[in-house]
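*Asks:* Handing you this structure, nothing more for now.
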Amino acid sequence: MNVLVLLAIILFILMAWIGGMKGVRSFIALFINFIIVLMAVFVMNDPSGNPMIIALIACGFISAVSLFFINRVNNKTMLAFLATIATMVILISFIIILTEQSMIYGLGEEESGEITTFNVHIGLNFVQIATAVIIMSTIGAIVDTAISITSPMREIHEQNPELSRKDLFLAGIRIGRDILGTSTNTLFFAFFGGYMGLLIWFKDLEYSIGDIINAKVFNDEMLTILISGVGIALVIPIASLMSAYYLKKEKKDIIVDDKE
Amino acid sequence: MKTWLKKRTKAQIITVCLLLTGFIASMIFINNNYELYDRTIVHITDIQEISRETQTDTHGNEDERVIQQIEGEIKNGPDRGEITTFHNEYTQSLAIDYELSAGDEIFLAQDGEATGDIKRDKYFVFVAWIFLMILLAVGKSRGALSALSLLVNAVILSFALDIYIQNPSISLSLITLISIIIFTILSLLMATGFNEKTYTAILTTLLGTGLSLVIAYAALQFTGEQGLRYEEMAFLTRNPQTIFMAGLLIGSLGAVMDVAITLSASMFEMYEKNNHISLATLKKAGYEIGKDIMGTMTNILFFAYVSGSIPMLLIYFKNAAPFGFTVSMNLSLELTRALVGGIGIVLTIPIAIYLSIFFIRRKQARL
């Protein structure tokens, strides 16, 4: 039997056992997200398309699946969704300038060696593809942080309806501070685990610090990690602000309704 | 602005000043560190496009080949200050080459006639500062601690790999095991301090990682690693299996720690709010939280791993490689990482719940 099939079955059984129906939905969401990534890659195959826009649309779908499919549509998932999209849009301009300036697009010397039989001049825009990769690597963490803020914020608002908008916002930021460290940690270890080979390669081939710090693969990885961190940190005030604004506005509307 | 400034404490103002000074000083340094490099650095001053022609490969992919005439000033070494000219060739898709423009700084290739690499150190330092500042702005002292913990972990990892490379007799598995224990203890202590929820989380993380390692190992053995394509693992200088297993463990460690601390922190908080809370209620609440975080946590790992393969997938598809072949060559290792990480995340949930209950029960008994 194929390793991947076996591991997927184990994961499915565990998720269903521990998470019940919600676990099953989480597993299906994972599968749908995989299909979305593959579809996005297919669409990117067309040279006339813009990979960055495709990635943004794919991210929209991915966050919709992760939020609405697993947790159903309600105001906390809706707020998390909007906060995610807003963060993505802000982040993307920063990413594209950085990718272009630091020229981390395309394949590094270390990577291109393995595909000598293939033609790499395929008419696609690798600057935009690199940007697309960075946003898509981050989307999971940003969605996670967004929902971790909007959901307790609603609870805080319900328990203390008298809390002012500013205090509600600050409560969101405090929750954010608690998860900031662990979320950046999660991504950090994920990337380092994936690039153990690269690290050993640098050490085996005795790259100097100057070589490493200027190498394309190293910068590609490090910039992805750092930008993900920036994304996680950015979504905290954005989600808190949006929730505080929305929850308090909703409250006002109700009062107005009562008067009528 | 003035009232805002007045509200800041002295410590905050000093921190901001120190950070700004550090930022400016390091940016000036990194933009003028030419003499530290042996390779010749050229600051490009003028670009002229010499030729541009369309090329089509056997699969019908169209691309444009461009040759640029580059003029630039040499910034270091014996020829410092001299003007050099060379040709830079690139294709419009920019898969393995660079489109240069005036103002760029590059390393000259050995022969001095082509572009070797780009001077990227300044961007790395710049983004690292942006990261640090945003982390501090949002997280204050907690943000500083997370940044510090990332740095410490990076140093430990680098140090551990040095030991591995210098002592071939010590196996990578052993080194990874010890590093994982150090990572877990340090990161969690830095995140939540010395208290019972941290100890619970540390124990949970180690148990969860260990158990998912056993499952992953058993699954790999049982299937004879069928479906894993190590040949596409980039950057190999050593035995791919051990490096892959070590990466597998370290890769899921962050996520497992995240789940462990989230669960133990909220369960201990519930206990502190109500010292006589029943264990059944605690358990139920723990499972509710676990269900909530399970989906998004597995997603984080999935995207962090799979997205990186997109450029390679595109190159394979554009070279008319069959779908199944492309996916198994490029995604088998990434998907395995994501799946094993997912198994670790889900397994950690009950471990965290039962360990927290175990410690809380002991505390309740003492009451």
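We label chains A, B, ... in the order they appear in the structure tokens, count residues from 1 in each chain, and number ligands from 1 in the order shown.
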Identify, with DSSP run on backbone atoms, the residues in region 13-189 of chain A assigned to helix (DSSP H, G or I), and express the list as a PyMOL selection string.
*Replies:* chain A and resi 13-44+51-71+75-102+109-115+126-159+165-189
*Asks:* Compile the contact shell of region 243-260 of chain B as a PyMOL selection string: residues with an atom at most 7 Å away, counting only C-alpha atoms, same-chain residues fewer than 3 positions apart removed.
*Replies:* (chain A and resi 182-183+185-187+189-194+196-197) or (chain B and resi 173+176+180+201+204-205+209+213+239-240+263-264+297+337+341+344-345+348-349+352)
*Asks:* What does the distance from CA of Arg366 (chain B) to CA of Ile261 (chain B) come to in Å, to one decimal?
*Replies:*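 One can read the CA of Arg366 (chain B) to CA of Ile261 (chain B) distance as 23.9 Å.
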*Asks:* Just the residues within 12 Å of Leu247 (chain A), please, counting only C-alpha atoms, with nothing from its chain fewer than 2 positions along; format it as a VMD selection string.
*Replies:* chain A and resid 75 to 76 79 150 to 151 153 to 158 160 to 166 168 to 169 239 to 245 249 to 254
*Asks:* Between A:Asn214, A:Gln101, A:Ser63, A:Asn74, which has the minimum distance to chain B (counting only C-alpha atoms)?
*Replies:*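 With only C-alpha atoms as the atom set, the closest residue is A:Asn214.
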*Asks:* Return as a list in words the full set of residues in region 73-286 of chain B whose backbone-based DSSP assignment is strand (DSSP E or B).
*Replies:*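 Residues of region 73-286 of chain B classed as strand (DSSP E or B): Glu73, Ile74, Ile83, Thr84, Thr85, Phe86, His87, Asn88, Glu89, Tyr90, Thr91, Glu105, Ile106, Phe107, Leu108, Thr115, Gly116, Asp117 and Ile118 of chain B.
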*Asks:* State, in Å with one decimal place, the distance from CA of Leu282 (chain B) to CA of Tyr199 (chain B).
*Replies:*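 Atom-to-atom, CA of Leu282 (chain B) and CA of Tyr199 (chain B) are spaced 18.4 Å apart.
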*Asks:* Calculated over only C-alpha atoms, which of the candidates A:Val217, A:Leu124, A:Met136, A:Ala171 has the smallest distance to Gly49 (chain A)?
*Replies:*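 Checking each of A:Val217, A:Leu124, A:Met136, A:Ala171 against Gly49 (chain A), counting only C-alpha atoms, the winner is A:Leu124.
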*Asks:* B:Ile202, B:Ile351, B:Phe323, B:Lys291: which is nearest Met15 (chain A), counting only C-alpha atoms?
*Replies:*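 Using only C-alpha atoms, Met15 (chain A) sits closest to B:Lys291.
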*Asks:* Counting only C-alpha atoms, which of B:Gly324, B:Gly308, B:Gly112, B:Pro78 gets nearest to chain A?
*Replies:* B:Gly308
*Asks:* Near Leu161 (chain B), counting only C-alpha atoms, which residues have an atom at most 10 Å away, once you skip same-chain residues fewer than 3 positions from it, shown as a list in words?
*Replies:*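 So the residues in contact are Met196, Leu199, Ile200, Lys203 and Asp204 of chain A; Val155, Ile156, Leu157, Ser158, Tyr164, Ile165, Gln166, Asn167, Leu172, Ile175, Thr176 and Ser179 of chain B.
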*Asks:* Take the residues that were just selected and, keeping C-alpha atoms, output them as a tab-separated table (two decimals), in the first residue's frame.
*Replies:*
chain	number	residue	atom	x	y	z
A	196	MET	CA	16.80	20.31	7.05
A	199	LEU	CA	20.82	23.40	6.08
A	200	ILE	CA	22.97	20.26	6.03
A	203	LYS	CA	27.21	23.03	6.14
A	204	ASP	CA	28.53	20.10	4.13
B	155	VAL	CA	21.05	28.93	16.85
B	156	ILE	CA	20.44	25.59	18.61
B	157	LEU	CA	19.45	23.95	15.32
B	158	SER	CA	22.53	25.27	13.58
B	164	TYR	CA	26.20	16.09	13.47
B	165	ILE	CA	28.49	17.04	10.61
B	166	GLN	CA	31.66	17.02	12.69
B	167	ASN	CA	30.89	13.72	14.40
B	172	LEU	CA	21.17	12.24	13.30
B	175	ILE	CA	20.85	14.62	17.79
B	176	THR	CA	17.33	15.40	16.58
B	179	SER	CA	17.37	19.04	20.06
*Asks:* So which residues touch Ser93 (chain A) within 12 Å, counting only C-alpha atoms, skipping near sequence neighbours fewer than 6 positions away, as a list in words?
*Replies:*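 Selected residues are Met52, Ile53, Leu56, Ala86, Thr87, Thr99, Glu100, Gln128, Thr131, Ala132, Ile134, Ile135 and Ile227 of chain A.
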*Asks:* Can you list, as a ChimeraX atom specification, every protein, DNA or RNA residue that comes within 10 Å of Pro51 (chain A) when you count only C-alpha atoms, leaving out same-chain residues fewer than 5 positions away?
*Replies:* /A:40-41,43-46,56-57,124-133
*Asks:* Produce a file of the selected residues containing C-alpha atoms, as a compact mmCIF listing (two decimals), in the first residue's frame.
*Replies:*
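Everything below was put into again-v7.txt:
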# COMPACT_ATOMS: atom_id res chain seq x y z
CA ALA A 40 -4.79 26.98 -8.98
CA VAL A 41 -1.65 25.40 -10.43
CA VAL A 43 -4.96 27.81 -14.05
CA MET A 44 -1.48 29.28 -13.57
CA ASN A 45 -0.35 27.12 -16.51
CA ASP A 46 -1.95 29.63 -18.84
CA LEU A 56 -5.39 35.60 -4.18
CA ILE A 57 -8.60 34.07 -5.52
CA LEU A 124 5.37 32.05 -17.15
CA ASN A 125 6.15 35.00 -14.93
CA PHE A 126 8.27 33.61 -12.10
CA VAL A 127 8.28 36.87 -10.16
CA GLN A 128 4.54 36.58 -9.72
CA ILE A 129 4.74 32.84 -9.12
CA ALA A 130 7.20 33.43 -6.27
CA THR A 131 4.83 36.01 -4.80
CA ALA A 132 1.95 33.54 -5.14
CA VAL A 133 3.94 30.85 -3.30
*Asks:* Hey, can you check how far CA of His43 (chain B) sits from CA of Ile130 (chain B)?
*Replies:*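 That distance, rounded to one decimal, is 25.0 Å.
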*Asks:* Excluding region 20-26 of chain A and any residue of its chain fewer than 4 positions from it, enumerate the residues within 8 Å of it, using only C-alpha atoms, and give them as a list in words.
*Replies:*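 Counting only the stated atoms, we get Phe12, Met15, Ala16, Leu30, Ser66, Phe69 and Ile70 of chain A; Lys291, Met294, Gly295 and Thr296 of chain B.
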*Asks:* Taking only C-alpha atoms into account, name the residue in A:Val3, A:Ile175, A:Leu170, A:Ile13 that is nearest to chain B.
*Replies:* A:Val3
*Asks:* Determine the nearest neighbour of Val37 (chain A) from the options B:Phe325, B:Phe358, B:Phe302, B:Phe124, counting only C-alpha atoms.
*Replies:*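 When distances to Val37 (chain A) are compared using only C-alpha atoms, the smallest one comes from B:Phe302.
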